[in-house]
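Trainee: This one is structure-v9.cif, mmCIF, C-alpha atoms and all ligand atoms.
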```
data_start
#
loop_
_atom_site.label_atom_id
_atom_site.label_comp_id
_atom_site.auth_asym_id
_atom_site.auth_seq_id
_atom_site.Cartn_x
_atom_site.Cartn_y
_atom_site.Cartn_z
CA MET A 1 0.00 0.00 0.00
CA ASN A 2 1.65 3.20 -1.09
CA LYS A 3 -0.88 5.75 0.09
CA THR A 4 -1.41 7.13 3.59
CA ILE A 5 -4.04 5.18 5.44
CA ASP A 6 -7.11 7.26 6.01
CA ILE A 7 -9.27 5.73 8.75
CA GLN A 8 -12.65 7.29 9.52
CA VAL A 9 -13.60 7.06 13.20
CA LYS A 10 -17.19 7.12 14.42
CA LYS A 11 -17.53 6.62 18.16
CA THR A 12 -20.47 5.05 19.94
CA GLU A 13 -22.86 7.23 21.90
CA ALA A 14 -23.77 4.37 24.22
CA SER A 15 -20.63 2.77 25.66
CA LYS A 16 -21.12 -0.63 27.33
CA LEU A 17 -18.24 0.06 29.72
CA PRO A 18 -20.36 1.15 32.73
CA GLU A 19 -22.34 -2.10 32.68
CA THR A 20 -19.32 -4.39 32.13
CA ASP A 21 -18.24 -6.54 35.05
CA PHE A 22 -14.45 -6.67 34.72
CA GLU A 23 -14.30 -8.96 37.78
CA ASN A 24 -16.09 -11.79 35.97
CA LEU A 25 -14.85 -12.00 32.41
CA ALA A 26 -15.82 -15.20 30.58
CA PHE A 27 -13.76 -15.71 27.41
CA GLY A 28 -15.32 -14.15 24.32
CA GLN A 29 -18.63 -13.11 25.84
CA THR A 30 -18.10 -9.42 26.41
CA ILE A 31 -17.36 -7.47 23.26
CA SER A 32 -15.84 -3.96 23.40
CA ASP A 33 -17.54 -0.87 21.96
CA HIS A 34 -15.92 -0.57 18.53
CA MET A 35 -14.70 -2.54 15.54
CA PHE A 36 -12.36 -1.84 12.66
CA VAL A 37 -13.72 -2.55 9.17
CA ALA A 38 -12.20 -2.55 5.67
CA ASP A 39 -13.81 -3.74 2.45
CA TYR A 40 -12.18 -5.48 -0.50
CA LYS A 41 -13.80 -4.40 -3.75
CA ASP A 42 -12.60 -3.83 -7.32
CA GLY A 43 -9.29 -5.53 -6.52
CA GLU A 44 -8.26 -3.39 -3.51
CA TRP A 45 -8.79 -2.89 0.21
CA LYS A 46 -10.69 0.36 0.85
CA ASP A 47 -13.13 2.27 3.11
CA PHE A 48 -11.18 1.95 6.34
CA ARG A 49 -13.19 2.80 9.43
CA VAL A 50 -13.56 2.35 13.18
CA GLU A 51 -17.22 2.28 14.06
CA PRO A 52 -19.53 1.09 16.86
CA TYR A 53 -19.66 -2.72 17.19
CA ALA A 54 -22.89 -3.77 15.49
CA PRO A 55 -24.49 -6.71 13.65
CA LEU A 56 -23.64 -7.29 10.01
CA ASP A 57 -26.08 -7.09 7.17
CA LEU A 58 -25.61 -10.37 5.26
CA ASN A 59 -27.57 -11.99 2.46
CA PRO A 60 -28.46 -15.69 2.76
CA ALA A 61 -26.39 -16.33 -0.39
CA ASN A 62 -23.21 -14.98 1.27
CA ALA A 63 -20.38 -17.28 0.15
CA THR A 64 -18.81 -17.61 3.62
CA LEU A 65 -22.03 -19.05 5.04
CA HIS A 66 -21.93 -21.84 2.47
CA TYR A 67 -18.28 -22.54 1.69
CA GLY A 68 -16.39 -21.16 4.68
CA GLN A 69 -13.93 -18.89 2.90
CA SER A 70 -12.81 -17.23 6.11
CA VAL A 71 -9.61 -16.84 8.15
CA PHE A 72 -8.94 -15.31 11.54
CA GLU A 73 -6.32 -14.43 14.13
CA GLY A 74 -6.07 -14.07 17.89
CA LEU A 75 -3.72 -11.75 19.75
CA LYS A 76 -3.76 -9.80 22.99
CA ALA A 77 -3.18 -6.27 24.31
CA TYR A 78 -2.08 -5.47 27.86
CA LYS A 79 -1.50 -2.33 29.92
CA ASN A 80 1.74 -1.60 31.73
CA ASP A 81 1.93 0.27 35.04
CA ASN A 82 2.09 3.61 33.18
CA GLY A 83 -1.15 2.83 31.36
CA ASP A 84 0.59 2.32 27.99
CA VAL A 85 -1.06 -0.15 25.63
CA LEU A 86 1.24 -3.08 24.79
CA ILE A 87 0.34 -5.50 21.99
CA PHE A 88 2.13 -8.87 21.94
CA ARG A 89 3.70 -9.81 18.59
CA PRO A 90 1.11 -8.27 16.21
CA ASP A 91 3.63 -8.52 13.35
CA ALA A 92 3.63 -12.31 13.74
CA ASN A 93 -0.18 -12.40 13.62
CA GLN A 94 -0.19 -10.23 10.52
CA LYS A 95 2.23 -12.64 8.79
CA ARG A 96 0.20 -15.69 9.78
CA LEU A 97 -3.03 -14.05 8.62
CA LYS A 98 -1.34 -13.48 5.27
CA GLU A 99 -0.27 -17.15 5.03
CA SER A 100 -3.77 -18.31 5.97
CA SER A 101 -5.30 -15.90 3.44
CA ILE A 102 -3.14 -17.15 0.59
CA ARG A 103 -4.13 -20.76 1.36
CA MET A 104 -7.82 -19.83 1.34
CA CYS A 105 -7.65 -17.65 -1.81
CA ILE A 106 -8.33 -14.49 0.18
CA PRO A 107 -6.50 -11.28 -0.80
CA PRO A 108 -4.01 -10.65 2.03
CA VAL A 109 -4.42 -7.54 4.14
CA PRO A 110 -1.32 -5.33 3.71
CA GLU A 111 0.89 -5.08 6.78
CA ASP A 112 0.42 -1.32 7.23
CA LEU A 113 -3.36 -1.64 7.02
CA PHE A 114 -3.34 -4.42 9.64
CA MET A 115 -1.10 -2.43 12.00
CA GLU A 116 -2.85 0.92 11.49
CA GLY A 117 -6.33 -0.52 11.85
CA LEU A 118 -5.29 -2.33 15.01
CA SER A 119 -3.58 0.73 16.52
CA ARG A 120 -6.53 3.00 15.80
CA LEU A 121 -8.95 0.52 17.36
CA MET A 122 -6.71 0.23 20.44
CA GLU A 123 -6.65 4.03 20.81
CA VAL A 124 -10.44 4.23 20.66
CA ASP A 125 -11.10 1.26 22.98
CA ARG A 126 -8.08 1.56 25.31
CA ASP A 127 -10.37 1.78 28.37
CA TRP A 128 -11.48 -1.78 27.59
CA ILE A 129 -8.04 -3.22 28.35
CA PRO A 130 -8.28 -4.76 31.82
CA ASN A 131 -5.74 -3.70 34.44
CA LYS A 132 -5.93 -6.90 36.47
CA PRO A 133 -3.13 -9.52 36.44
CA GLY A 134 -4.09 -12.48 34.24
CA CYS A 135 -6.53 -10.34 32.24
CA SER A 136 -6.03 -8.77 28.83
CA LEU A 137 -7.86 -7.56 25.76
CA TYR A 138 -8.27 -10.42 23.29
CA ILE A 139 -8.16 -9.14 19.71
CA ARG A 140 -9.92 -10.99 16.91
CA PRO A 141 -8.97 -9.92 13.36
CA PHE A 142 -10.75 -11.87 10.62
CA ILE A 143 -11.45 -11.81 6.90
CA PHE A 144 -14.41 -13.37 5.14
CA ALA A 145 -15.90 -13.58 1.66
CA THR A 146 -18.86 -11.28 0.97
CA ASP A 147 -19.95 -12.23 -2.55
CA ASP A 148 -23.55 -13.34 -2.83
CA TYR A 149 -22.97 -16.24 -5.17
CA LEU A 150 -23.47 -19.99 -4.94
CA GLY A 151 -20.98 -21.11 -7.57
CA ILE A 152 -17.68 -22.48 -6.32
CA ARG A 153 -14.94 -19.92 -6.89
CA PRO A 154 -13.02 -17.43 -4.74
CA SER A 155 -15.18 -14.48 -3.81
CA ALA A 156 -14.39 -11.14 -5.49
CA THR A 157 -15.29 -9.15 -2.37
CA TYR A 158 -14.30 -9.49 1.32
CA LYS A 159 -14.50 -7.80 4.69
CA PHE A 160 -11.54 -7.45 7.06
CA MET A 161 -12.68 -6.72 10.58
CA ILE A 162 -11.15 -6.49 14.04
CA PHE A 163 -13.09 -6.54 17.27
CA THR A 164 -11.94 -7.10 20.83
CA CYS A 165 -13.05 -8.68 24.11
CA PRO A 166 -11.71 -8.13 27.62
CA VAL A 167 -10.82 -11.61 28.87
CA GLY A 168 -9.57 -13.58 31.84
CA HIS A 169 -8.26 -17.14 31.63
CA TYR A 170 -9.53 -19.36 28.79
CA TYR A 171 -9.09 -22.44 30.97
CA ALA A 172 -9.83 -21.82 34.63
CA LYS A 173 -8.10 -25.06 35.63
CA PRO A 174 -5.73 -27.68 34.17
CA VAL A 175 -7.21 -29.60 31.26
CA SER A 176 -7.78 -33.29 30.60
CA VAL A 177 -7.06 -34.52 27.07
CA LYS A 178 -7.73 -37.65 25.04
CA VAL A 179 -5.48 -38.93 22.27
CA GLU A 180 -7.70 -39.08 19.16
CA THR A 181 -7.09 -42.07 16.92
CA LYS A 182 -10.20 -42.11 14.71
CA TYR A 183 -10.91 -38.58 13.49
CA THR A 184 -8.37 -36.25 11.87
CA ARG A 185 -7.84 -32.51 12.21
CA ALA A 186 -5.38 -31.97 9.36
CA ALA A 187 -3.71 -33.97 6.61
CA GLU A 188 -0.54 -33.14 4.70
CA GLY A 189 -1.46 -30.88 1.80
CA GLY A 190 -4.59 -29.71 3.64
CA THR A 191 -5.34 -26.50 5.51
CA GLY A 192 -4.04 -27.45 8.96
CA TYR A 193 -1.44 -24.69 9.16
CA ALA A 194 -3.97 -22.01 8.22
CA LYS A 195 -6.12 -20.36 10.85
CA ALA A 196 -9.16 -21.11 8.73
CA ALA A 197 -12.67 -21.19 10.17
CA GLY A 198 -13.38 -24.62 8.70
CA ASN A 199 -10.52 -26.27 10.62
CA TYR A 200 -12.34 -25.42 13.83
CA ALA A 201 -15.76 -26.48 12.53
CA GLY A 202 -14.41 -29.91 11.57
CA SER A 203 -12.91 -30.42 15.01
CA LEU A 204 -16.13 -29.79 16.94
CA TYR A 205 -17.78 -33.20 16.58
CA PRO A 206 -14.79 -35.33 17.68
CA ALA A 207 -14.16 -32.85 20.53
CA LEU A 208 -17.80 -33.14 21.58
CA LEU A 209 -17.51 -36.93 21.71
CA ALA A 210 -14.44 -36.58 23.94
CA GLN A 211 -16.28 -34.08 26.15
CA GLU A 212 -19.13 -36.55 26.53
CA GLN A 213 -16.55 -38.98 27.89
CA GLY A 214 -15.37 -36.36 30.38
CA TYR A 215 -12.29 -34.88 28.63
CA ASP A 216 -11.82 -31.17 27.95
CA GLN A 217 -9.94 -31.47 24.68
CA LEU A 218 -8.44 -33.84 22.13
CA LEU A 219 -4.82 -34.49 21.33
CA TRP A 220 -4.92 -34.79 17.55
CA THR A 221 -2.67 -37.32 15.84
CA ASP A 222 -1.37 -37.52 12.26
CA ALA A 223 -3.89 -38.30 9.52
CA LYS A 224 -1.95 -41.23 8.02
CA ASN A 225 -1.65 -43.70 10.89
CA HIS A 226 -2.68 -41.79 14.05
CA GLU A 227 0.76 -42.61 15.29
CA PHE A 228 2.18 -39.20 16.25
CA ILE A 229 0.91 -36.35 18.41
CA GLU A 230 0.12 -33.14 16.50
CA GLU A 231 -1.74 -30.46 18.49
CA SER A 232 -4.83 -29.86 20.58
CA GLY A 233 -8.07 -28.19 19.52
CA THR A 234 -7.32 -24.79 20.99
CA MET A 235 -3.54 -24.85 21.36
CA ASN A 236 -0.20 -26.39 20.43
CA VAL A 237 1.05 -28.99 22.89
CA MET A 238 4.44 -29.51 24.54
CA PHE A 239 5.86 -32.33 26.66
CA ILE A 240 8.94 -32.42 28.84
CA ILE A 241 10.34 -35.93 28.83
CA ASN A 242 13.69 -36.79 30.41
CA GLY A 243 14.63 -33.10 30.66
CA LYS A 244 13.85 -32.27 27.01
CA LEU A 245 11.02 -30.13 25.68
CA ILE A 246 9.32 -31.92 22.78
CA THR A 247 6.77 -30.39 20.43
CA ALA A 248 5.59 -31.24 16.92
CA PRO A 249 7.36 -29.41 14.08
CA THR A 250 5.33 -27.21 11.74
CA THR A 251 7.16 -28.40 8.62
CA LYS A 252 4.46 -30.76 7.30
CA GLY A 253 1.79 -28.05 7.10
CA THR A 254 -0.52 -29.84 9.53
CA ILE A 255 0.23 -27.80 12.66
CA LEU A 256 -0.80 -24.23 13.43
CA LYS A 257 2.33 -22.08 13.73
CA GLY A 258 1.48 -20.86 17.21
CA ILE A 259 2.97 -17.53 18.23
CA THR A 260 2.92 -18.55 21.89
CA ARG A 261 4.50 -21.84 20.77
CA ASP A 262 7.33 -19.94 19.10
CA SER A 263 7.76 -17.62 22.10
CA VAL A 264 7.93 -20.55 24.53
CA LEU A 265 10.52 -22.37 22.37
CA THR A 266 12.66 -19.21 22.26
CA LEU A 267 12.44 -18.72 26.03
CA ALA A 268 13.07 -22.44 26.72
CA GLN A 269 16.33 -22.28 24.82
CA GLU A 270 17.34 -19.14 26.71
CA MET A 271 16.45 -20.84 29.99
CA GLY A 272 18.75 -23.75 29.10
CA LEU A 273 16.04 -26.33 28.44
CA PRO A 274 16.91 -28.50 25.41
CA VAL A 275 14.20 -28.28 22.72
CA GLU A 276 13.32 -31.02 20.25
CA GLU A 277 10.92 -30.08 17.47
CA ARG A 278 9.97 -33.58 16.39
CA PHE A 279 6.93 -35.79 16.15
CA LEU A 280 6.32 -37.58 19.43
CA ALA A 281 4.94 -41.08 18.93
CA VAL A 282 1.81 -41.90 20.90
CA SER A 283 3.66 -45.05 22.06
CA GLU A 284 6.57 -42.94 23.35
CA LEU A 285 4.14 -40.67 25.21
CA GLN A 286 2.43 -43.68 26.75
CA GLU A 287 5.77 -45.20 27.76
CA ALA A 288 6.79 -41.91 29.40
CA LEU A 289 3.45 -41.84 31.25
CA GLU A 290 3.95 -45.45 32.36
CA ASN A 291 7.55 -45.11 33.53
CA GLY A 292 7.23 -41.63 35.05
CA THR A 293 9.63 -39.83 32.67
CA LEU A 294 6.93 -37.41 31.49
CA GLU A 295 7.79 -34.42 33.63
CA GLU A 296 5.38 -31.82 32.25
CA ALA A 297 2.63 -31.56 29.65
CA PHE A 298 0.98 -28.30 28.65
CA GLY A 299 -0.72 -26.45 25.84
CA THR A 300 0.36 -23.09 24.43
CA GLY A 301 -1.87 -20.58 22.69
CA THR A 302 -2.91 -16.94 22.67
CA ALA A 303 -6.23 -17.62 24.35
CA ALA A 304 -4.99 -20.55 26.45
CA THR A 305 -1.57 -18.97 27.28
CA ILE A 306 0.07 -21.91 29.10
CA ALA A 307 -2.58 -24.50 29.94
CA HIS A 308 -1.43 -27.31 32.20
CA ILE A 309 -2.55 -30.81 31.28
CA SER A 310 -3.73 -32.77 34.28
CA LYS A 311 -4.91 -36.01 32.65
CA ILE A 312 -4.12 -37.81 29.39
CA ASN A 313 -6.15 -40.67 27.97
CA VAL A 314 -4.15 -42.99 25.70
CA GLY A 315 -5.50 -46.24 24.36
CA ASP A 316 -8.45 -46.21 26.77
CA LYS A 317 -6.19 -45.75 29.77
CA ASP A 318 -6.30 -42.59 31.89
CA TYR A 319 -3.04 -41.21 33.25
CA THR A 320 -3.27 -38.53 35.92
CA LEU A 321 -0.32 -36.14 36.02
CA PRO A 322 0.86 -34.95 39.43
CA GLU A 323 0.52 -31.22 40.19
CA LYS A 324 3.64 -29.30 39.26
CA PRO A 325 5.70 -27.28 41.73
CA LEU A 326 5.85 -23.54 41.06
CA ASP A 327 9.45 -23.81 39.85
CA ALA A 328 8.44 -26.18 37.03
CA PHE A 329 9.36 -24.91 33.55
CA SER A 330 5.72 -24.33 32.54
CA TYR A 331 5.17 -21.96 35.48
CA LYS A 332 8.49 -20.19 35.02
CA VAL A 333 7.93 -19.62 31.30
CA LEU A 334 4.39 -18.34 31.95
CA GLU A 335 5.79 -15.93 34.52
CA THR A 336 8.44 -14.68 32.08
CA LEU A 337 5.96 -14.33 29.23
CA ASP A 338 3.55 -12.40 31.47
CA ALA A 339 6.37 -10.15 32.67
CA ILE A 340 7.18 -9.30 29.03
CA LYS A 341 3.53 -8.82 28.06
CA TYR A 342 2.73 -6.51 31.00
CA GLY A 343 5.96 -4.55 30.45
CA LYS A 344 7.53 -5.61 33.75
CA ILE A 345 10.84 -6.77 32.25
CA GLU A 346 12.87 -5.71 29.26
CA ASP A 347 11.47 -6.82 25.91
CA LYS A 348 14.72 -8.24 24.53
CA HIS A 349 13.06 -9.91 21.55
CA GLY A 350 11.15 -6.92 20.18
CA TRP A 351 7.84 -8.70 20.81
CA ILE A 352 5.94 -5.70 22.16
CA THR A 353 4.32 -2.98 20.07
CA LYS A 354 3.43 0.04 22.16
CA VAL A 355 0.42 2.02 20.94
C1 LIG B 401 -6.40 -18.30 20.01
O1 LIG B 401 -5.73 -18.81 20.90
O2 LIG B 401 -6.29 -17.09 19.72
C2 LIG B 401 -7.35 -19.07 19.24
O3 LIG B 401 -7.72 -18.67 18.19
C3 LIG B 401 -7.90 -20.32 19.80
C4 LIG B 401 -9.36 -20.27 20.08
C5 LIG B 401 -9.68 -21.47 20.84
C6 LIG B 401 -9.82 -19.11 20.86
#
```
Translate the structure of the given file into structure tokens.

Mentor:
Amino acid sequence: MNKTIDIQVKKTEASKLPETDFENLAFGQTISDHMFVADYKDGEWKDFRVEPYAPLDLNPANATLHYGQSVFEGLKAYKNDNGDVLIFRPDANQKRLKESSIRMCIPPVPEDLFMEGLSRLMEVDRDWIPNKPGCSLYIRPFIFATDDYLGIRPSATYKFMIFTCPVGHYYAKPVSVKVETKYTRAAEGGTGYAKAAGNYAGSLYPALLAQEQGYDQLLWTDAKNHEFIEESGTMNVMFIINGKLITAPTTKGTILKGITRDSVLTLAQEMGLPVEERFLAVSELQEALENGTLEEAFGTGTAATIAHISKINVGDKDYTLPEKPLDAFSYKVLETLDAIKYGKIEDKHGWITKV
């Protein structure tokens, strides 16, 4: 984009702030006052605006409703003690949104439009960023097709929108997971690496079956033989076995390139914990559970942050993991990540964008 970005701002006359209970924030239920919107028409992104959050006017023939041509992101903003707005790694989200868009035939949003739209929205809704430890403003950028057309082809028109929600913890307590060996989340050559709406829709039914059996989430395995652990429904997963941090590599295109995942791997190396990006066989996981060499298991994600895993079901056997002491790696890395995000320690990696 070579022109200056002109964003029109129209503020709400009826803020929901006074009636919002910041002490009880359930994930994704409270939506802030404004949203950023851009339209893709005639081959370019245009009409940039921040306006009051409101329902969309969609026709029943909208292509997204039928064929799911839609991608999204998740990132978070925090406030430091001076009241500055700090956004964690928005450049990484912009890049991933671009990769997802290309896979789904969606025209990528230029970097400056993403950053400017986000910054302007943060300025307008800065009072929505919670001040409490553990709380943040979850930011949901997304792009979807807006053609009204039932033929199968990429839409010619799209909307890029960003809205935000003040949030607390996604998981209030450690999660139980079940190794899935029937259904598949992603196959090589598929859309697994993209943050595409349909990936989540396809995971709901198997996850529901696991929930009916009492588990919070699934541990997905590879599509070919269900032999290796891939990721969980809402997060990447990591295991510490015999003093080494093991997580699935993203090289086969089946794993979401988690930004928290990447941050944790960087910090682990700096903290002296050996990292192995390799596929962990279900049999190796089960052996480690049997012989007590599995030291830690946790998920990583923007919404989930670091989610401890308390129970793993493998091959119809439940393994309960003992509670971790506060000096366990997963606690220490969460503490370090939080300290960076809330501006309490130096941001050595250039992960924070101050608005
Ligand atoms: C995120 O962590 O941002 C996600 O998109 C996962 C979703 C479960 C909320």

Trainee: List the neighbours of A:Ser100 out to 12 Å using all atoms listed in the file; skip same-chain residues closer than 4 positions along the sequence, and give me the result as a PyMOL selection string.

Mentor: chain A and resi 69-73+93-96+104-109+142-144+190-199+253+256-257

Trainee: Take atom CA of A:Gly168 and atom CA of A:Ile340 and report the distance between them in Å, one decimal.

Mentor: 17.5 Å

Trainee: Can you list, as a list in words, every protein, DNA or RNA residue that comes within 10 Å of A:Lys341 when you count all atoms listed in the file, leaving out same-chain residues fewer than 5 positions away?

Mentor: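 Near A:Lys341, the qualifying residues are Lys76, Ala77, Tyr78, Lys79, Asn80, Leu86, Ile87, Phe88, Arg89, Ser136, Glu335, Thr336, Glu346, Asp347, Trp351, Ile352 and Thr353 of chain A.
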
Trainee: Would you mind listing what lies within 8 Å of A:Thr320 as JSON, numbers by chain, with all atoms listed in the file counted and same-chain residues fewer than 4 positions away left out?

Mentor: {"A": [310, 311, 312]}

Trainee: Go ahead and write the residues just picked, C-alpha atoms, as a PDB file, in the coordinates of the input.

Mentor:
```pdb
ATOM      1  CA  SER A 310      -3.730 -32.770  34.280  1.00  0.00           C
ATOM      2  CA  LYS A 311      -4.910 -36.010  32.650  1.00  0.00           C
ATOM      3  CA  ILE A 312      -4.120 -37.810  29.390  1.00  0.00           C
TER       4      ILE A 312
END
```

Trainee: Could you give me the residues within 7 Å of ligand LIG 401 (chain B), counting only C-alpha atoms and all ligand atoms, as a list in words?

Mentor: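 If we count only C-alpha atoms and all ligand atoms, the neighbours of ligand LIG 401 (chain B) turn out to be Glu73, Gly74, Leu75, Thr234, Met235, Gly301, Thr302, Ala303 and Ala304 of chain A.
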
Trainee: Record the distance separating atom CA of A:Val275 and atom CA of A:Glu296, expressed in Å with one decimal.

Mentor: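 Taking atom CA of A:Val275 as the start and atom CA of A:Glu296 as the end point, the length is 13.5 Å.
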